[in-house]
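Asks: What follows is the file work.txt, containing compact mmCIF, C-alpha atoms and all ligand atoms:
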# COMPACT_ATOMS: atom_id res chain seq x y z
CA MET A 673 186.78 84.98 -78.97
CA PHE A 674 183.74 85.00 -81.11
CA ILE A 675 181.93 87.55 -83.19
CA VAL A 676 178.74 89.01 -81.99
CA PRO A 677 176.81 91.61 -83.75
CA ASN A 678 176.88 94.96 -82.04
CA THR A 679 173.45 96.17 -81.39
CA LYS A 680 174.64 99.75 -81.75
CA MET A 681 175.73 100.48 -85.36
CA ASN A 682 179.15 102.09 -85.76
CA LEU A 683 180.29 104.03 -88.82
CA SER A 684 183.91 103.99 -89.95
CA PRO A 685 185.56 107.37 -89.42
CA PHE A 686 187.53 106.68 -92.61
CA THR A 687 185.03 105.25 -95.04
CA GLY A 688 181.68 105.97 -93.39
CA ASP A 689 180.74 102.25 -93.87
CA VAL A 690 178.89 100.31 -91.27
CA MET A 691 181.40 98.25 -89.38
CA PHE A 692 181.20 95.35 -86.89
CA ARG A 693 183.13 95.33 -83.70
CA SER A 694 185.01 92.24 -84.63
CA TYR A 695 188.00 92.94 -82.60
CA GLY A 696 186.62 95.27 -80.04
CA ALA A 697 185.45 94.57 -76.50
CA PRO A 698 183.00 91.65 -76.26
CA ASN A 699 179.33 92.36 -75.85
CA ILE A 700 178.83 91.55 -72.16
CA GLY A 701 175.05 91.19 -72.37
CA ALA A 702 175.34 88.66 -75.20
CA LEU A 703 177.97 86.72 -73.32
CA ARG A 704 175.75 86.47 -70.28
CA PHE A 705 172.96 85.08 -72.44
CA TYR A 706 175.29 82.51 -73.98
CA LYS A 707 176.60 81.47 -70.59
CA HIS A 708 173.10 81.08 -69.33
CA PHE A 709 172.11 79.03 -72.41
CA THR A 710 175.03 76.60 -72.13
CA ALA A 711 174.51 76.33 -68.35
CA THR A 712 170.86 75.46 -68.79
CA ARG A 713 171.74 72.66 -71.17
CA PHE A 714 174.68 71.11 -69.39
CA LYS A 715 174.54 72.01 -65.71
CA PRO A 716 174.06 69.05 -63.29
CA TYR A 717 170.44 68.77 -62.16
CA PRO A 718 170.58 70.10 -58.56
CA GLN A 719 171.09 73.54 -59.88
CA THR A 720 168.54 72.91 -62.56
CA LEU A 721 165.98 71.84 -59.97
CA LYS A 722 166.24 75.22 -58.33
CA SER A 723 165.34 76.86 -61.54
CA ASN A 724 162.87 74.15 -62.75
CA PRO A 725 160.20 73.34 -60.15
CA GLU A 726 158.25 71.18 -62.60
CA ARG A 727 161.17 68.84 -63.11
CA ARG A 728 161.80 68.85 -59.40
CA ARG A 729 158.25 67.66 -58.81
CA ASP A 730 158.73 64.92 -61.43
CA LEU A 731 161.90 63.70 -59.78
CA VAL A 732 160.39 63.69 -56.30
CA MET A 733 157.42 61.75 -57.61
CA ARG A 734 159.71 59.30 -59.43
CA GLN A 735 161.76 58.75 -56.29
CA PHE A 736 158.57 58.18 -54.26
CA LEU A 737 157.30 55.59 -56.77
CA ILE A 738 160.63 53.72 -56.77
CA THR A 739 160.62 53.60 -52.95
CA LEU A 740 157.00 52.41 -52.92
CA ALA A 741 157.68 49.67 -55.51
CA THR A 742 160.75 48.48 -53.55
CA PHE A 743 158.69 48.37 -50.36
CA ILE A 744 155.93 46.36 -52.06
CA VAL A 745 158.40 43.89 -53.60
CA VAL A 746 160.14 43.36 -50.25
CA MET A 747 156.97 43.12 -48.18
CA LEU A 748 154.77 41.17 -50.63
CA PRO A 749 155.90 37.66 -49.57
CA PHE A 750 155.10 38.51 -45.96
CA SER A 751 151.77 40.20 -46.53
CA ALA A 752 150.62 37.57 -49.08
CA ARG A 753 151.36 34.66 -46.74
CA PRO A 754 148.13 33.60 -44.98
CA GLU A 755 148.09 33.44 -41.20
CA THR A 756 149.22 29.86 -40.54
CA PRO A 757 148.47 28.61 -37.04
CA ALA A 758 151.15 26.61 -35.25
CA PRO A 759 150.88 22.85 -35.91
CA ALA A 760 148.58 21.21 -33.38
CA THR A 761 150.06 18.93 -30.74
CA TYR A 762 148.11 16.62 -28.48
CA GLU A 763 148.24 15.27 -24.97
CA VAL A 764 147.44 11.56 -25.20
CA TYR A 765 145.60 9.74 -22.44
CA ALA A 766 144.57 6.10 -22.15
CA LEU A 767 141.34 5.91 -20.15
CA SER A 768 140.21 2.61 -18.65
CA TYR A 769 136.47 1.99 -18.74
CA ALA A 770 136.47 -1.68 -17.63
CA VAL A 771 138.57 -4.76 -16.96
CA TYR A 772 137.90 -8.07 -18.67
CA PRO A 773 139.39 -10.66 -16.31
CA SER A 774 141.12 -13.94 -17.18
CA PHE A 775 141.06 -13.62 -20.95
CA PRO A 776 143.11 -16.33 -22.76
CA VAL A 777 146.30 -14.84 -24.22
CA SER A 778 146.04 -17.31 -27.12
CA GLY A 779 143.00 -15.31 -28.23
CA LEU A 780 145.27 -12.25 -28.57
CA VAL A 781 148.74 -13.41 -29.56
CA ALA A 782 149.01 -16.04 -32.30
CA GLY A 783 150.76 -19.14 -31.01
CA ALA A 784 150.56 -18.24 -27.30
CA GLU A 785 150.24 -21.01 -24.68
CA LYS A 786 146.63 -22.11 -24.25
CA ASP A 787 146.51 -21.85 -20.45
CA ARG A 788 147.89 -18.31 -20.09
CA LYS A 789 145.32 -15.74 -18.96
CA ILE A 790 145.40 -11.97 -18.67
CA ASP A 791 143.14 -9.31 -17.15
CA LEU A 792 142.45 -7.21 -20.21
CA GLN A 793 142.17 -3.47 -19.99
CA MET A 794 139.23 -2.01 -21.87
CA MET A 795 140.28 1.47 -23.00
CA VAL A 796 139.46 4.54 -24.99
CA TRP A 797 142.15 7.10 -25.86
CA LEU A 798 141.76 10.84 -25.57
CA LEU A 799 143.80 13.18 -27.75
CA LYS A 800 143.58 16.63 -26.18
CA GLY A 801 144.67 19.11 -28.82
CA SER A 802 146.39 22.49 -28.58
CA ASN A 803 143.91 23.48 -31.34
CA GLY A 804 140.90 22.95 -29.06
CA ARG A 805 139.98 19.57 -30.56
CA ASN A 806 139.21 16.79 -28.10
CA VAL A 807 139.51 13.65 -30.16
CA LEU A 808 138.53 10.28 -28.80
CA VAL A 809 140.03 7.20 -30.41
CA ASP A 810 137.34 4.54 -30.02
CA ALA A 811 134.24 4.90 -27.94
CA GLY A 812 134.12 1.82 -25.71
CA CYS A 813 130.80 0.21 -24.90
CA TYR A 814 127.90 0.90 -22.55
CA HIS A 815 124.55 -0.39 -23.89
CA GLU A 816 122.97 -2.97 -21.58
CA SER A 817 122.44 -5.32 -24.49
CA VAL A 818 126.16 -5.29 -25.20
CA LEU A 819 127.36 -5.51 -21.59
CA LYS A 820 124.99 -8.33 -20.83
CA GLY A 821 126.67 -11.70 -20.22
CA LYS A 822 130.21 -10.32 -20.30
CA PRO A 823 132.22 -10.81 -17.11
CA MET A 824 133.66 -7.29 -17.04
CA THR A 825 134.49 -5.46 -13.82
CA ASN A 826 135.08 -1.80 -12.95
CA VAL A 827 132.69 -0.79 -15.72
CA THR A 828 132.30 2.96 -16.23
CA LYS A 829 130.40 4.57 -19.07
CA PRO A 830 133.20 5.66 -21.45
CA SER A 831 131.93 9.24 -21.57
CA ASP A 832 132.06 9.40 -17.75
CA THR A 833 135.77 8.54 -17.69
CA LEU A 834 136.41 11.94 -19.30
CA ALA A 835 135.54 13.67 -16.00
CA LYS A 836 138.88 12.44 -14.65
CA ILE A 837 140.58 14.99 -16.90
CA GLY A 838 137.92 17.64 -16.61
CA LEU A 839 135.94 16.94 -19.79
CA SER A 840 132.43 15.77 -20.60
CA ALA A 841 130.79 14.02 -23.57
CA ALA A 842 129.81 17.37 -25.11
CA ASP A 843 133.48 18.43 -25.23
CA ILE A 844 134.39 15.65 -27.64
CA THR A 845 134.75 17.09 -31.14
CA ASP A 846 135.73 13.91 -32.97
CA VAL A 847 135.63 10.14 -32.48
CA VAL A 848 137.98 8.00 -34.55
CA ILE A 849 136.55 4.47 -34.73
CA THR A 850 139.46 2.10 -35.34
CA HIS A 851 137.08 -0.80 -36.05
CA MET A 852 133.50 -1.91 -35.55
CA HIS A 853 133.94 -4.42 -32.70
CA TRP A 854 131.43 -3.90 -29.88
CA ASP A 855 134.05 -2.88 -27.29
CA HIS A 856 135.35 -0.05 -29.55
CA ALA A 857 132.30 1.20 -31.45
CA ASP A 858 129.27 0.74 -29.19
CA GLY A 859 129.74 4.09 -27.41
CA MET A 860 129.90 6.22 -30.56
CA ASP A 861 126.42 7.67 -29.95
CA LEU A 862 127.47 9.09 -26.56
CA PHE A 863 129.03 12.23 -27.99
CA PRO A 864 126.42 14.62 -29.36
CA LYS A 865 128.78 17.08 -31.06
CA ALA A 866 131.35 14.62 -32.36
CA LYS A 867 132.16 13.77 -35.93
CA ILE A 868 132.76 10.04 -36.39
CA TRP A 869 135.78 9.06 -38.51
CA ILE A 870 135.75 5.51 -39.88
CA GLN A 871 137.33 3.85 -42.88
CA LYS A 872 134.99 3.88 -45.89
CA ASP A 873 135.63 0.16 -46.55
CA GLU A 874 134.90 -0.72 -42.91
CA TYR A 875 131.62 1.18 -43.14
CA SER A 876 130.65 -0.41 -46.46
CA TYR A 877 131.51 -3.94 -45.41
CA TYR A 878 129.72 -3.96 -42.04
CA THR A 879 126.64 -2.21 -43.34
CA GLY A 880 126.48 -4.58 -46.31
CA ALA A 881 128.45 -7.63 -47.36
CA ALA A 882 129.24 -8.74 -43.78
CA TRP A 883 125.61 -9.80 -43.42
CA GLN A 884 125.37 -11.55 -46.78
CA PRO A 885 126.08 -15.29 -47.18
CA GLY A 886 129.82 -15.82 -46.69
CA GLY A 887 130.24 -12.51 -44.82
CA GLN A 888 131.96 -12.27 -41.45
CA HIS A 889 130.56 -10.22 -38.60
CA GLY A 890 131.97 -11.83 -35.45
CA GLY A 891 132.24 -9.26 -32.67
CA ILE A 892 129.99 -6.77 -34.52
CA ASP A 893 126.79 -5.69 -32.77
CA ARG A 894 123.79 -5.19 -35.07
CA ASP A 895 122.55 -2.20 -33.11
CA ASP A 896 125.95 -0.52 -33.45
CA VAL A 897 125.68 -0.86 -37.24
CA VAL A 898 122.22 0.69 -37.17
CA ALA A 899 123.50 3.51 -34.91
CA LEU A 900 126.36 4.19 -37.34
CA VAL A 901 123.98 4.41 -40.29
CA LYS A 902 121.76 6.83 -38.32
CA LEU A 903 124.75 9.01 -37.45
CA ASN A 904 125.71 9.03 -41.11
CA MET A 905 122.23 10.22 -42.05
CA GLN A 906 122.62 13.02 -39.48
CA ASN A 907 125.82 14.16 -41.25
CA GLN A 908 127.96 13.09 -38.29
CA VAL A 909 130.08 10.50 -40.11
CA SER A 910 133.16 11.17 -42.19
CA LEU A 911 134.33 8.22 -44.27
CA VAL A 912 138.13 7.99 -44.53
CA ASP A 913 139.24 6.84 -47.94
CA GLY A 914 142.26 4.61 -47.38
CA ASP A 915 145.70 4.57 -45.86
CA ASP A 916 147.94 7.33 -44.52
CA ARG A 917 145.39 10.12 -44.31
CA GLU A 918 145.77 13.18 -42.09
CA ILE A 919 142.16 13.49 -40.98
CA ILE A 920 142.78 16.33 -38.50
CA ASP A 921 145.87 18.51 -38.13
CA GLY A 922 148.42 16.28 -36.34
CA ILE A 923 146.33 13.09 -36.52
CA ARG A 924 146.98 10.61 -39.31
CA VAL A 925 145.28 7.24 -39.79
CA TYR A 926 146.69 4.10 -41.36
CA THR A 927 145.24 0.81 -42.57
CA GLY A 928 146.71 -2.64 -43.07
CA GLY A 929 146.28 -4.14 -39.60
CA ARG A 930 143.28 -6.12 -40.90
CA HIS A 931 141.95 -6.90 -37.44
CA THR A 932 138.55 -6.35 -39.06
CA PHE A 933 137.71 -5.80 -42.71
CA ALA A 934 139.37 -2.36 -42.82
CA SER A 935 140.56 -1.50 -39.33
CA GLN A 936 142.71 1.59 -38.89
CA TYR A 937 145.22 2.90 -36.37
CA ALA A 938 146.34 6.44 -35.64
CA GLY A 939 149.58 8.40 -35.46
CA VAL A 940 149.39 11.48 -33.24
CA ARG A 941 151.75 14.45 -32.97
CA THR A 942 152.73 15.13 -29.35
CA ALA A 943 155.45 17.06 -27.56
CA SER A 944 157.22 13.70 -27.04
CA GLY A 945 157.07 12.84 -30.75
CA THR A 946 154.62 10.66 -32.65
CA VAL A 947 152.44 8.37 -30.57
CA VAL A 948 150.74 5.44 -32.30
CA ILE A 949 147.35 4.31 -31.05
CA ALA A 950 147.41 0.76 -32.40
CA SER A 951 144.08 -0.31 -30.91
CA ASP A 952 143.47 -4.01 -31.67
CA ASN A 953 145.87 -4.06 -34.61
CA MET A 954 148.29 -4.88 -31.78
CA TYR A 955 146.50 -6.26 -28.71
CA LEU A 956 149.48 -6.51 -26.36
CA TYR A 957 153.10 -5.31 -26.20
CA GLU A 958 153.87 -9.03 -26.56
CA ASN A 959 152.75 -8.98 -30.21
CA LEU A 960 155.47 -6.48 -30.99
CA GLN A 961 158.11 -8.09 -28.76
CA LYS A 962 157.59 -11.60 -30.19
CA HIS A 963 156.83 -10.35 -33.70
CA ALA A 964 153.61 -12.36 -33.48
CA PRO A 965 150.45 -11.36 -35.32
CA ILE A 966 147.24 -10.80 -33.42
CA ALA A 967 145.17 -13.97 -33.06
CA GLN A 968 142.11 -12.40 -34.70
CA THR A 969 142.91 -11.00 -38.11
CA PHE A 970 141.74 -11.18 -41.70
CA ASP A 971 145.39 -11.38 -42.82
CA ALA A 972 148.27 -12.33 -40.46
CA ASP A 973 151.04 -11.16 -42.83
CA SER A 974 149.36 -7.82 -43.34
CA ASN A 975 149.03 -7.47 -39.57
CA LEU A 976 152.75 -8.10 -39.06
CA ARG A 977 153.63 -5.58 -41.77
CA ALA A 978 151.39 -3.05 -40.04
CA GLN A 979 153.14 -3.65 -36.72
CA ASP A 980 156.54 -3.21 -38.40
CA ARG A 981 155.30 0.01 -39.89
CA MET A 982 154.11 1.28 -36.51
CA LYS A 983 157.73 1.04 -35.35
CA GLN A 984 158.70 3.40 -38.16
CA ILE A 985 155.87 5.80 -37.44
CA ALA A 986 156.26 6.05 -33.66
CA SER A 987 159.07 8.22 -32.31
CA ARG A 988 159.85 5.57 -29.65
CA LEU A 989 158.82 1.92 -29.33
CA ASP A 990 157.05 2.57 -26.02
CA LEU A 991 154.94 5.23 -27.73
CA ILE A 992 153.03 2.46 -29.56
CA VAL A 993 149.91 1.93 -27.47
CA PRO A 994 148.37 -1.55 -27.68
CA GLY A 995 144.62 -2.14 -27.62
CA HIS A 996 144.13 -4.08 -24.39
CA ASP A 997 147.39 -4.42 -22.45
CA PRO A 998 147.17 -3.68 -18.70
CA GLU A 999 150.90 -2.84 -18.87
CA VAL A 1000 149.96 0.54 -20.36
CA PHE A 1001 149.00 1.69 -16.84
CA VAL A 1002 152.26 0.29 -15.42
CA LYS A 1003 154.51 1.91 -18.02
CA PHE A 1004 152.67 5.20 -17.69
CA PRO A 1005 151.41 5.30 -14.09
CA LYS A 1006 150.57 9.02 -14.05
CA PRO A 1007 148.22 10.62 -13.35
CA GLY A 1008 146.71 7.30 -12.17
CA ASN A 1009 143.19 6.23 -11.19
CA GLY A 1010 142.60 4.54 -14.54
CA VAL A 1011 144.25 7.32 -16.56
CA ALA A 1012 147.66 7.00 -18.24
CA ARG A 1013 149.33 9.97 -19.90
CA ILE A 1014 151.33 8.59 -22.82
CA GLN A 1015 154.51 10.65 -23.21
ZN ZN B 1101 138.70 -5.69 -31.80
Re-express the file's structure as structure tokens.

Replies:
Amino acid sequence: MFIVPNTKMNLSPFTGDVMFRSYGAPNIGALRFYKHFTATRFKPYPQTLKSNPERRRDLVMRQFLITLATFIVVMLPFSARPETPAPATYEVYALSYAVYPSFPVSGLVAGAEKDRKIDLQMMVWLLKGSNGRNVLVDAGCYHESVLKGKPMTNVTKPSDTLAKIGLSAADITDVVITHMHWDHADGMDLFPKAKIWIQKDEYSYYTGAAWQPGGQHGGIDRDDVVALVKLNMQNQVSLVDGDDREIIDGIRVYTGGRHTFASQYAGVRTASGTVVIASDNMYLYENLQKHAPIAQTFDADSNLRAQDRMKQIASRLDLIVPGHDPEVFVKFPKPGNGVARIQ
């Protein structure tokens, strides 16, 4: 019980003094007010919201902002991630453009018997990418001045061999030159839209020091050097600076074979694993089987180390493709007609 002043004054019938209704019936109107006051202060908010639309709006807005912030935090990693295309994989084809008959094996495998001969395959390698890139590893040869005097048979212009898998010279986007020898580099001007990838040191040496006193340029055609310089001046050459470089998604080049001053070989991502296009850093399967360096090298130890490394890079031993071995077309007979799908 509490005391509330009575709004209606009462006079004592005995004294005539003003008296308060201390003990009388409570003032119902005042009680209602009090109840309302305490309720407003302490009632849980749902009831308050009914009677306080402003606060209700605030709470709805706060709830909306919390939901929005949560959504942004959860979704940010997904929305911020750039669209990453699937890693490119390649179909790998060896394409024969000529046969060089009765070549002495001792000119290919160090220490081989002098009288052994082999019909060399002259090849280029096509890497047909899921990313639309058609990359040729080496360009073969075709100029009359280069073909002249060489006893090659079954000669086809390297760019014409592409027709066997439905492509033409204009479809080639890139040409990786493993080294500047005439049978690998001479055809590099056959592909009008291609970018040429060559080691920077190979480019520098054969356009410079190789022709100075003490330089070595055996197997290098002067006109091929001039053609390379012209392509460079037309912005069609990309110089690769050293070992273990991914030049195109799924295609990595390596040095150390030292077949020429700075020859390179390539590792290629395929559905069967990594294929290694050794080119002349390993002429024949026999080099690998006998652990014998190639017969023509600037550095035999470096060549052997490169061959050992190829075994680590390739997913299987038979996915290392040698530069001139006719066995490539026996191991991989399909689709045939001078084309071997390496897989
Ligand atoms: Zn060579």

Asks: To one decimal place, how far is CA of Asp973 (chain A) from CA of Asn953 (chain A) in Å?

Replies: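 Pair CA of Asp973 (chain A) / CA of Asn953 (chain A) returns 12.0 Å.
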
Asks: Select the residues contacting ligand ZN 1101 (chain B) at a distance of at most 9 Å, based on all atoms listed in the file, then format the selection as a list in words.

Replies: Thr850, His851, Met852, His853, Trp854, Asp855, His856, Gly891, His931, Thr932, Ser935, Ser951, Asp952, Asn953, Tyr955, Gln968 and Gly995 of chain A

Asks: Export, as a PDB file, keeping the file's coordinate frame, the selected residues with C-alpha atoms.

Replies:
ATOM      1  CA  THR A 850     139.460   2.100 -35.340  1.00  0.00           C
ATOM      2  CA  HIS A 851     137.080  -0.800 -36.050  1.00  0.00           C
ATOM      3  CA  MET A 852     133.500  -1.910 -35.550  1.00  0.00           C
ATOM      4  CA  HIS A 853     133.940  -4.420 -32.700  1.00  0.00           C
ATOM      5  CA  TRP A 854     131.430  -3.900 -29.880  1.00  0.00           C
ATOM      6  CA  ASP A 855     134.050  -2.880 -27.290  1.00  0.00           C
ATOM      7  CA  HIS A 856     135.350  -0.050 -29.550  1.00  0.00           C
ATOM      8  CA  GLY A 891     132.240  -9.260 -32.670  1.00  0.00           C
ATOM      9  CA  HIS A 931     141.950  -6.900 -37.440  1.00  0.00           C
ATOM     10  CA  THR A 932     138.550  -6.350 -39.060  1.00  0.00           C
ATOM     11  CA  SER A 935     140.560  -1.500 -39.330  1.00  0.00           C
ATOM     12  CA  SER A 951     144.080  -0.310 -30.910  1.00  0.00           C
ATOM     13  CA  ASP A 952     143.470  -4.010 -31.670  1.00  0.00           C
ATOM     14  CA  ASN A 953     145.870  -4.060 -34.610  1.00  0.00           C
ATOM     15  CA  TYR A 955     146.500  -6.260 -28.710  1.00  0.00           C
ATOM     16  CA  GLN A 968     142.110 -12.400 -34.700  1.00  0.00           C
ATOM     17  CA  GLY A 995     144.620  -2.140 -27.620  1.00  0.00           C
TER      18      GLY A 995
END

Asks: Using all atoms listed in the file, what does the table of region 819-902 of chain A residues within 7 Å of region 765-787 of chain A look like, with each row giving the shortest atom pair and its distance in Å to one decimal, sorted by chain and ascending number, as CSV?

Replies:
residue,atom,partner,partner_atom,distance
A:Pro823,CA,A:Tyr772,CA,6.5
A:Met824,CA,A:Tyr772,CA,4.6
A:Thr825,CA,A:Val771,CA,5.2
A:Asn826,CA,A:Ala770,CA,4.9
A:Val827,CA,A:Ala770,CA,4.3
A:Thr828,CA,A:Tyr769,CA,5.0
A:Lys829,CA,A:Tyr769,CA,6.6
A:Pro830,CA,A:Tyr769,CA,5.6
A:Thr833,CA,A:Leu767,CA,6.6

Asks: Once you have the residues from the selection above, write them out as a short mmCIF file (atom, residue, chain, number, x, y, z; two decimals), in the frame of the given file, restricted to C-alpha atoms.

Replies:
data_model
loop_
_atom_site.label_atom_id
_atom_site.label_comp_id
_atom_site.auth_asym_id
_atom_site.auth_seq_id
_atom_site.Cartn_x
_atom_site.Cartn_y
_atom_site.Cartn_z
CA PRO A 823 132.22 -10.81 -17.11
CA MET A 824 133.66 -7.29 -17.04
CA THR A 825 134.49 -5.46 -13.82
CA ASN A 826 135.08 -1.80 -12.95
CA VAL A 827 132.69 -0.79 -15.72
CA THR A 828 132.30 2.96 -16.23
CA LYS A 829 130.40 4.57 -19.07
CA PRO A 830 133.20 5.66 -21.45
CA THR A 833 135.77 8.54 -17.69
#

Asks: Using all atoms listed in the file, which residue out of A:Glu999, A:Trp883, A:Glu874, A:Leu834 lies closest to Ile790 (chain A)?

Replies: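 Of A:Glu999, A:Trp883, A:Glu874, A:Leu834, the one nearest Ile790 (chain A) is A:Glu999, counting all atoms listed in the file.
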
Asks: Name all residues at most 12 Å from Arg894 (chain A) (count all atoms listed in the file; drop same-chain ones fewer than 3 positions away) and give them as a PyMOL selection string.

Replies: chain A and resi 817-818+852-854+857-858+878-880+882-883+889-891+897-901

Asks: Under the rule that all atoms listed in the file are counted, which of A:Cys813, A:Ala978, A:Ile949, A:Met860 is the nearest residue to Leu798 (chain A)?

Replies: A:Ile949

Asks: Given the choices A:Ile1014, A:Ser802, A:Leu862, A:Ala881, which gets closest to Leu903 (chain A) if the distance is worked out from all atoms listed in the file?

Replies: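 Closest candidate: A:Leu862.
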
Asks: Please list as a ChimeraX atom specification every residue within 10 Å of Phe970 (chain A), counting only C-alpha atoms and excluding residues in the same chain fewer than 5 positions away.

Replies: /A:888,928-934,975

Asks: Can you write out the residues you just picked, keeping C-alpha atoms, as a compact mmCIF listing (two decimals), in the frame of the given file?

Replies:
# COMPACT_ATOMS: atom_id res chain seq x y z
CA GLN A 888 131.96 -12.27 -41.45
CA GLY A 928 146.71 -2.64 -43.07
CA GLY A 929 146.28 -4.14 -39.60
CA ARG A 930 143.28 -6.12 -40.90
CA HIS A 931 141.95 -6.90 -37.44
CA THR A 932 138.55 -6.35 -39.06
CA PHE A 933 137.71 -5.80 -42.71
CA ALA A 934 139.37 -2.36 -42.82
CA ASN A 975 149.03 -7.47 -39.57

Asks: CA of Thr845 (chain A) and CA of Asn806 (chain A) are how many Å apart?

Replies: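 Computing it gives 5.4 Å between the two atoms.
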
Asks: Within 12 Å of Thr946 (chain A), counting only C-alpha atoms, which residues qualify if same-chain residues fewer than 2 places away don't, as a PyMOL selection string?

Replies: chain A and resi 761-764+922-924+938-944+948-949+982-993+1014-1015
